[in-house]
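*Asks:* Got input05.txt for you, compact mmCIF, C-alpha atoms:
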```txt
# COMPACT_ATOMS: atom_id res chain seq x y z
CA MET G 1 -86.04 -23.61 26.63
CA GLU G 2 -84.10 -20.35 26.81
CA HIS G 3 -82.18 -19.07 23.77
CA LEU G 4 -79.96 -21.90 22.55
CA HIS G 5 -76.49 -20.73 21.55
CA ILE G 6 -74.34 -23.40 19.92
CA VAL G 7 -70.65 -22.88 19.12
CA VAL G 8 -69.13 -25.23 16.56
CA CYS G 9 -65.34 -25.55 16.55
CA MET G 10 -64.01 -26.08 13.04
CA LYS G 11 -60.47 -26.88 11.91
CA PRO G 12 -59.24 -26.27 8.36
CA VAL G 13 -57.16 -29.28 7.29
CA PRO G 14 -55.07 -30.00 4.18
CA ASP G 15 -57.16 -31.59 1.45
CA PRO G 16 -56.67 -35.37 1.94
CA LYS G 17 -56.72 -35.83 -1.84
CA LYS G 18 -53.43 -33.91 -2.04
CA TRP G 19 -51.60 -35.20 1.04
CA GLY G 20 -48.84 -36.53 -1.19
CA LYS G 21 -47.63 -32.93 -1.59
CA LEU G 22 -47.38 -32.28 2.17
CA LYS G 23 -43.91 -31.63 3.55
CA LEU G 24 -42.41 -30.90 6.96
CA ASP G 25 -40.43 -27.78 7.68
CA PRO G 26 -37.03 -29.19 8.78
CA GLU G 27 -36.51 -26.35 11.28
CA THR G 28 -39.91 -26.05 12.95
CA MET G 29 -40.96 -29.71 12.44
CA LEU G 30 -44.41 -28.41 11.43
CA LEU G 31 -46.37 -29.20 8.29
CA ARG G 32 -46.05 -26.71 5.48
CA ARG G 33 -49.80 -26.36 5.18
CA GLY G 34 -49.60 -23.61 2.58
CA ASP G 35 -48.43 -26.16 0.01
CA VAL G 36 -51.84 -27.87 -0.03
CA PRO G 37 -55.28 -26.19 -0.20
CA ALA G 38 -57.34 -26.44 2.99
CA ILE G 39 -60.87 -27.78 3.46
CA ILE G 40 -63.23 -28.00 6.42
CA ASN G 41 -62.27 -31.00 8.53
CA PRO G 42 -64.78 -33.66 7.35
CA LEU G 43 -66.08 -34.58 10.83
CA ASP G 44 -66.55 -30.90 11.68
CA ARG G 45 -69.18 -30.86 8.95
CA GLN G 46 -71.15 -33.39 11.02
CA ALA G 47 -70.87 -31.03 14.00
CA ILE G 48 -72.09 -28.08 11.92
CA GLU G 49 -75.01 -30.11 10.56
CA GLN G 50 -76.13 -31.20 14.03
CA ALA G 51 -76.00 -27.62 15.28
CA LEU G 52 -78.15 -26.46 12.36
CA ILE G 53 -80.64 -29.27 12.97
CA LEU G 54 -81.05 -28.23 16.61
CA ARG G 55 -81.42 -24.57 15.66
CA ASP G 56 -84.13 -25.49 13.15
CA GLN G 57 -85.93 -27.45 15.89
CA HIS G 58 -85.57 -25.06 18.82
CA GLY G 59 -84.48 -21.71 17.41
CA GLY G 60 -81.34 -20.04 18.65
CA THR G 61 -77.95 -19.21 17.14
CA VAL G 62 -75.10 -21.22 15.63
CA THR G 63 -71.65 -19.63 15.81
CA LEU G 64 -68.68 -21.04 13.90
CA LEU G 65 -65.34 -20.82 15.72
CA THR G 66 -61.95 -21.62 14.23
CA MET G 67 -58.34 -21.08 15.29
CA ALA G 68 -56.39 -20.83 12.06
CA PRO G 69 -54.29 -18.59 9.79
CA PRO G 70 -55.99 -15.62 8.07
CA ASP G 71 -56.67 -17.58 4.86
CA ALA G 72 -59.11 -19.81 6.79
CA GLU G 73 -61.74 -17.20 5.95
CA ASP G 74 -62.61 -19.39 2.96
CA GLN G 75 -63.61 -22.32 5.19
CA ALA G 76 -65.39 -20.01 7.65
CA SER G 77 -67.37 -18.50 4.77
CA GLU G 78 -68.33 -21.99 3.60
CA ALA G 79 -69.69 -22.75 7.08
CA LEU G 80 -71.72 -19.53 6.93
CA ALA G 81 -73.04 -20.60 3.53
CA MET G 82 -74.11 -23.92 5.08
CA GLY G 83 -76.27 -21.92 7.50
CA CYS G 84 -74.20 -20.77 10.49
CA ASP G 85 -75.31 -17.39 11.83
CA ALA G 86 -71.88 -15.98 12.68
CA ALA G 87 -68.20 -16.88 12.33
CA TYR G 88 -65.19 -16.03 14.47
CA LEU G 89 -61.61 -16.51 13.28
CA LEU G 90 -59.01 -16.75 16.03
CA SER G 91 -55.84 -15.75 14.23
CA ASP G 92 -52.59 -14.53 15.74
CA PRO G 93 -48.90 -15.40 15.19
CA ALA G 94 -48.86 -16.24 18.90
CA PHE G 95 -51.15 -19.23 18.18
CA ALA G 96 -48.77 -20.83 15.65
CA GLY G 97 -47.36 -24.27 16.40
CA ALA G 98 -49.95 -25.08 19.08
CA ASP G 99 -50.43 -28.65 20.26
CA THR G 100 -53.88 -29.91 21.26
CA LEU G 101 -53.76 -28.39 24.77
CA ALA G 102 -52.64 -24.95 23.61
CA THR G 103 -55.35 -25.07 20.92
CA ALA G 104 -57.96 -26.04 23.50
CA ARG G 105 -56.93 -23.11 25.73
CA VAL G 106 -57.53 -20.64 22.90
CA LEU G 107 -60.86 -22.19 21.93
CA ALA G 108 -62.04 -22.35 25.56
CA ALA G 109 -61.19 -18.68 26.09
CA ALA G 110 -63.24 -17.72 23.03
CA ILE G 111 -66.15 -19.96 24.06
CA ARG G 112 -66.28 -18.31 27.49
CA LYS G 113 -66.45 -14.93 25.78
CA LEU G 114 -69.21 -16.11 23.45
CA ASP G 115 -71.16 -17.61 26.39
CA ALA G 116 -72.38 -20.77 24.64
CA LYS G 117 -74.48 -23.53 26.19
CA LEU G 118 -73.50 -26.19 23.68
CA VAL G 119 -70.11 -26.71 22.04
CA PHE G 120 -69.78 -29.10 19.09
CA CYS G 121 -66.63 -30.47 17.43
CA GLY G 122 -65.73 -33.27 15.08
CA ALA G 123 -64.57 -36.37 16.94
CA TYR G 124 -61.08 -35.91 15.50
CA SER G 125 -59.28 -34.06 12.72
CA ALA G 126 -58.21 -35.69 9.48
CA ASP G 127 -54.63 -34.45 9.80
CA GLY G 128 -53.95 -35.17 13.50
CA SER G 129 -56.59 -37.72 14.55
CA THR G 130 -55.75 -37.31 18.25
CA ALA G 131 -59.40 -36.84 19.35
CA GLN G 132 -58.07 -34.70 22.21
CA VAL G 133 -59.17 -31.13 21.55
CA GLY G 134 -62.89 -31.59 22.29
CA PRO G 135 -62.39 -33.33 25.66
CA GLN G 136 -59.65 -30.84 26.59
CA VAL G 137 -61.99 -27.93 25.86
CA ALA G 138 -64.62 -29.57 28.08
CA GLU G 139 -62.10 -30.02 30.89
CA LEU G 140 -60.98 -26.38 30.66
CA LEU G 141 -64.61 -25.22 30.70
CA GLY G 142 -65.47 -27.60 33.54
CA VAL G 143 -68.41 -29.19 31.72
CA PRO G 144 -69.32 -32.78 30.69
CA ASP G 145 -68.23 -34.06 27.30
CA PHE G 146 -69.84 -36.64 25.03
CA VAL G 147 -67.52 -38.26 22.47
CA GLN G 148 -68.20 -40.08 19.20
CA VAL G 149 -71.82 -38.91 19.20
CA VAL G 150 -74.09 -40.41 16.54
CA ALA G 151 -77.36 -38.80 17.68
CA LEU G 152 -78.16 -35.90 20.00
CA GLU G 153 -81.29 -34.15 21.20
CA VAL G 154 -82.06 -31.35 23.66
CA ARG G 155 -85.24 -31.23 25.77
CA ASN G 156 -85.91 -28.85 28.64
CA ASP G 157 -82.22 -27.94 28.96
CA VAL G 158 -81.24 -31.64 29.14
CA VAL G 159 -78.93 -33.12 26.49
CA ARG G 160 -79.35 -36.76 25.54
CA ALA G 161 -76.63 -38.26 23.34
CA ARG G 162 -76.14 -41.68 21.77
CA CYS G 163 -72.42 -42.40 21.44
CA GLU G 164 -70.37 -45.05 19.69
CA ALA G 165 -68.42 -47.37 21.98
CA HIS G 166 -66.05 -50.29 21.40
CA ASP G 167 -68.77 -52.81 22.17
CA GLY G 168 -71.77 -51.02 20.69
CA GLU G 169 -73.41 -47.76 21.77
CA THR G 170 -73.99 -45.93 25.04
CA VAL G 171 -76.61 -43.29 25.88
CA TYR G 172 -75.72 -40.37 28.14
CA GLU G 173 -77.72 -37.48 29.60
CA SER G 174 -76.60 -34.21 31.13
CA ASP G 175 -77.87 -30.76 31.95
CA LEU G 176 -76.53 -27.90 29.84
CA PRO G 177 -73.79 -26.81 29.22
CA VAL G 178 -72.12 -29.70 27.36
CA VAL G 179 -69.32 -30.32 24.85
CA ALA G 180 -70.02 -32.98 22.21
CA THR G 181 -67.79 -34.45 19.50
CA PHE G 182 -69.42 -36.11 16.51
CA SER G 183 -68.77 -39.33 14.63
CA ARG G 184 -68.89 -39.58 10.86
CA ASN G 185 -72.07 -41.65 11.35
CA ALA G 186 -73.96 -38.80 13.00
CA ASN G 187 -75.66 -37.37 9.90
CA VAL G 188 -75.25 -36.29 6.30
CA PRO G 189 -73.97 -32.68 6.17
CA ARG G 190 -75.87 -30.31 3.92
CA LEU G 191 -74.23 -28.44 1.04
CA PRO G 192 -74.06 -24.64 0.84
CA THR G 193 -76.95 -23.12 -1.08
CA MET G 194 -76.86 -20.10 -3.40
CA ARG G 195 -78.91 -18.20 -0.84
CA GLY G 196 -76.47 -19.26 1.86
CA ILE G 197 -73.50 -18.11 -0.22
CA MET G 198 -75.10 -14.70 -0.69
CA GLN G 199 -75.85 -14.43 3.03
CA ALA G 200 -72.29 -15.45 3.88
CA SER G 201 -70.89 -12.67 1.73
CA ARG G 202 -72.93 -10.16 3.76
CA ALA G 203 -72.34 -11.67 7.19
CA GLY G 204 -68.62 -11.05 7.50
CA ILE G 205 -66.16 -12.82 9.78
CA VAL G 206 -65.04 -11.49 13.17
CA ARG G 207 -61.32 -11.79 13.93
CA TRP G 208 -59.98 -12.18 17.45
CA THR G 209 -56.34 -12.20 18.50
CA ALA G 210 -54.64 -13.25 21.73
CA ALA G 211 -55.23 -9.74 23.08
CA ASP G 212 -58.99 -10.05 22.49
CA LEU G 213 -59.02 -13.28 24.49
CA ASP G 214 -56.84 -11.93 27.31
CA LEU G 215 -54.49 -14.90 27.05
CA ARG G 216 -51.06 -15.04 28.66
CA ALA G 217 -48.10 -15.17 26.28
CA ASP G 218 -47.17 -18.64 27.55
CA ALA G 219 -50.68 -20.10 27.22
CA SER G 220 -50.84 -20.61 23.46
CA GLY G 221 -48.70 -21.49 20.46
CA LEU G 222 -45.39 -23.25 20.86
CA LYS G 223 -44.79 -21.56 24.22
CA GLY G 224 -47.99 -23.04 25.61
CA SER G 225 -47.50 -26.51 24.13
CA PRO G 226 -46.22 -29.21 26.50
CA THR G 227 -45.80 -31.58 23.55
CA GLN G 228 -43.55 -30.61 20.65
CA MET G 229 -42.09 -32.39 17.64
CA LEU G 230 -38.35 -32.83 18.19
CA ASN G 231 -37.44 -34.80 15.09
CA VAL G 232 -38.95 -36.58 12.12
CA PHE G 233 -37.05 -39.09 10.01
CA THR G 234 -37.50 -42.12 7.79
CA PRO G 235 -36.02 -45.18 9.50
CA PRO G 236 -33.47 -47.09 7.41
CA SER G 237 -34.70 -50.33 5.91
CA SER G 238 -32.35 -53.32 6.08
CA ARG G 239 -34.82 -55.81 4.65
CA LYS G 240 -35.17 -56.71 1.02
CA GLY G 241 -38.64 -57.39 -0.24
CA GLU G 242 -39.49 -60.18 -2.66
CA ILE G 243 -42.67 -60.51 -4.67
CA LEU G 244 -43.76 -64.09 -5.34
CA GLN G 245 -45.61 -64.58 -8.60
CA GLY G 246 -47.72 -67.35 -10.05
CA THR G 247 -51.05 -68.95 -9.27
CA PRO G 248 -52.31 -68.84 -5.66
CA ASN G 249 -51.17 -72.45 -5.13
CA GLU G 250 -47.73 -71.77 -6.62
CA VAL G 251 -47.27 -68.61 -4.50
CA ALA G 252 -48.32 -70.49 -1.36
CA SER G 253 -45.85 -73.33 -2.10
CA ARG G 254 -42.99 -70.92 -2.71
CA LEU G 255 -43.81 -68.96 0.43
CA LEU G 256 -43.79 -72.13 2.52
CA ALA G 257 -40.47 -73.11 0.99
CA ARG G 258 -38.92 -69.72 1.84
CA LEU G 259 -40.20 -69.91 5.42
CA ARG G 260 -38.78 -73.42 5.84
CA GLU G 261 -35.42 -72.32 4.41
CA GLN G 262 -35.23 -69.56 7.04
CA ARG G 263 -36.46 -71.97 9.74
CA LEU G 264 -39.42 -69.77 10.53
CA ILE G 265 -41.78 -72.74 10.47
```
Now, as a test, write the supplied structure out as structure tokens.
*Replies:*
Amino acid sequence: MEHLHIVVCMKPVPDPKKWGKLKLDPETMLLRRGDVPAIINPLDRQAIEQALILRDQHGGTVTLLTMAPPDAEDQASEALAMGCDAAYLLSDPAFAGADTLATARVLAAAIRKLDAKLVFCGAYSADGSTAQVGPQVAELLGVPDFVQVVALEVRNDVVRARCEAHDGETVYESDLPVVATFSRNANVPRLPTMRGIMQASRAGIVRWTAADLDLRADASGLKGSPTQMLNVFTPPSSRKGEILQGTPNEVASRLLARLREQRLI
């Protein structure tokens, strides 16, 4: 097998433990992400782990790629400490407010420049959960995509993936290049080591802007997003809740009585 170059797309997301502090900007209709510390999207850790496993088996290079604000260097450095060989931060005001398609355009442009044979992502992000970016990147690159992968191997430039499906699992095969998105059941991500942290501090993070990717002004950010948030509101509640108390039998009797009173049964 020729040199195996794997790019892992990582998204920093607000720490789920502190989502109660998240707020929307009333003007932009975007999350105020600076109010909550960011972490590596949990499923992206599975993607990083699988890339490192393949590199350990076959040799090659693992490159971390993220489109995020400048402060995402912390998450990129953590990925380097886990074992990634290089990290690229795609950061530009022009990228702000991107929907999944505009995000995929930026990532695909960077992946073309990096010339990777394998592209890994988490199956979805904890904050958006659309599961769209990975398949959209594959479509823009014109390569096959495997989704909800739980196991993946590469032999003689052929990728074999076992993927979760609604009725069980399905096995797919394809020649390289391929995009794969990973389920939380794929593996157990490793933790950064002290040696990895020291190597990360020496490795450095490369920053690319829209100019480095030769992207049109209308291809990314809000300008390049066909879907945008127009309004967010809490719908008024006209119903009054009632909590029935007592033993299970007493609660059941009272509930039946209420339903009969309202002629619902």
*Asks:* Mind running range 97-175 of chain G against range 41-44 of chain G at 12 Å and telling me each contacting residue's nearest atom pair with the distance in Å (one decimal), counting all atoms listed in the file, chain and number ascending, as a tab-separated table?
*Replies:*
```
residue	atom	partner	partner_atom	distance
G:Val119	CA	G:Asp44	CA	11.7
G:Phe120	CA	G:Asp44	CA	8.3
G:Cys121	CA	G:Asp44	CA	5.8
G:Gly122	CA	G:Asp44	CA	4.2
G:Ala123	CA	G:Leu43	CA	6.5
G:Tyr124	CA	G:Leu43	CA	7.0
G:Ser125	CA	G:Asn41	CA	6.0
G:Ala126	CA	G:Asn41	CA	6.3
G:Asp127	CA	G:Asn41	CA	8.5
G:Gly128	CA	G:Asn41	CA	10.6
G:Ser129	CA	G:Asn41	CA	10.7
G:Ala131	CA	G:Leu43	CA	11.1
G:Gly134	CA	G:Asp44	CA	11.2
G:Gln148	CA	G:Leu43	CA	10.2
G:Val149	CA	G:Leu43	CA	11.0
G:Val150	CA	G:Leu43	CA	11.4
```
*Asks:* Can you list, as a compact mmCIF listing (two decimals) with C-alpha atoms, in the coordinates of the input, every protein, DNA or RNA residue that comes within 10 Å of Thr63 in chain G when you count only C-alpha atoms, leaving out same-chain residues fewer than 4 positions away?
*Replies:*
```txt
# COMPACT_ATOMS: atom_id res chain seq x y z
CA HIS G 5 -76.49 -20.73 21.55
CA ILE G 6 -74.34 -23.40 19.92
CA VAL G 7 -70.65 -22.88 19.12
CA VAL G 8 -69.13 -25.23 16.56
CA CYS G 9 -65.34 -25.55 16.55
CA ILE G 48 -72.09 -28.08 11.92
CA ALA G 51 -76.00 -27.62 15.28
CA ALA G 79 -69.69 -22.75 7.08
CA LEU G 80 -71.72 -19.53 6.93
CA GLY G 83 -76.27 -21.92 7.50
CA CYS G 84 -74.20 -20.77 10.49
CA ASP G 85 -75.31 -17.39 11.83
CA ALA G 86 -71.88 -15.98 12.68
CA ALA G 87 -68.20 -16.88 12.33
CA TYR G 88 -65.19 -16.03 14.47
CA ILE G 111 -66.15 -19.96 24.06
CA LEU G 114 -69.21 -16.11 23.45
CA ALA G 116 -72.38 -20.77 24.64
CA VAL G 119 -70.11 -26.71 22.04
```
*Asks:* Tell me which of G:Leu118, G:Met229, G:Ala81, G:Arg263 sits closest to Ala203 in chain G, counting all atoms listed in the file.
*Replies:*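 So, comparing all the options, the nearest one is G:Ala81.
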*Asks:* So, with only C-alpha atoms as the atoms that count, which of G:Ala211, G:Cys163, G:Ile205, G:Val179 lies closest to Pro135 in chain G?
*Replies:* G:Val179
*Asks:* List every protein, DNA or RNA residue that has an atom no more than 12 Å from (-58.1, -30.4, 30.6) in the file's coordinate frame, counting only C-alpha atoms, and report them as a PDB file with C-alpha atoms, in the coordinates of the input.
*Replies:*
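Written file, point-v2.pdb:
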```
ATOM      1  CA  THR G 100     -53.880 -29.910  21.260  1.00  0.00           C
ATOM      2  CA  LEU G 101     -53.760 -28.390  24.770  1.00  0.00           C
ATOM      3  CA  ALA G 102     -52.640 -24.950  23.610  1.00  0.00           C
ATOM      4  CA  THR G 103     -55.350 -25.070  20.920  1.00  0.00           C
ATOM      5  CA  ALA G 104     -57.960 -26.040  23.500  1.00  0.00           C
ATOM      6  CA  ARG G 105     -56.930 -23.110  25.730  1.00  0.00           C
ATOM      7  CA  ALA G 108     -62.040 -22.350  25.560  1.00  0.00           C
ATOM      8  CA  GLN G 132     -58.070 -34.700  22.210  1.00  0.00           C
ATOM      9  CA  VAL G 133     -59.170 -31.130  21.550  1.00  0.00           C
ATOM     10  CA  GLY G 134     -62.890 -31.590  22.290  1.00  0.00           C
ATOM     11  CA  PRO G 135     -62.390 -33.330  25.660  1.00  0.00           C
ATOM     12  CA  GLN G 136     -59.650 -30.840  26.590  1.00  0.00           C
ATOM     13  CA  VAL G 137     -61.990 -27.930  25.860  1.00  0.00           C
ATOM     14  CA  ALA G 138     -64.620 -29.570  28.080  1.00  0.00           C
ATOM     15  CA  GLU G 139     -62.100 -30.020  30.890  1.00  0.00           C
ATOM     16  CA  LEU G 140     -60.980 -26.380  30.660  1.00  0.00           C
ATOM     17  CA  LEU G 141     -64.610 -25.220  30.700  1.00  0.00           C
ATOM     18  CA  GLY G 142     -65.470 -27.600  33.540  1.00  0.00           C
ATOM     19  CA  VAL G 143     -68.410 -29.190  31.720  1.00  0.00           C
ATOM     20  CA  PRO G 144     -69.320 -32.780  30.690  1.00  0.00           C
ATOM     21  CA  ASP G 145     -68.230 -34.060  27.300  1.00  0.00           C
TER      22      ASP G 145
END
```
*Asks:* Looking at all atoms listed in the file, which of G:Ser77, G:Glu49, G:Phe146, G:Trp19 is the one that sits closest to Arg202 in chain G?
*Replies:*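 Smallest separation from Arg202 in chain G among the options: G:Ser77.
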*Asks:* With distances taken over only C-alpha atoms, which residue among G:Gln228, G:Ala68, G:Leu54, G:Val106 lies nearest Glu153 in chain G?
*Replies:*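 Using only C-alpha atoms, Glu153 in chain G sits closest to G:Leu54.
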*Asks:* Mind checking which residues fall within 7 Å of Glu173 in chain G, counting all atoms listed in the file, ignoring those fewer than 5 positions away in the same chain, and posting them as a PyMOL selection string?
*Replies:* chain G and resi 158-161
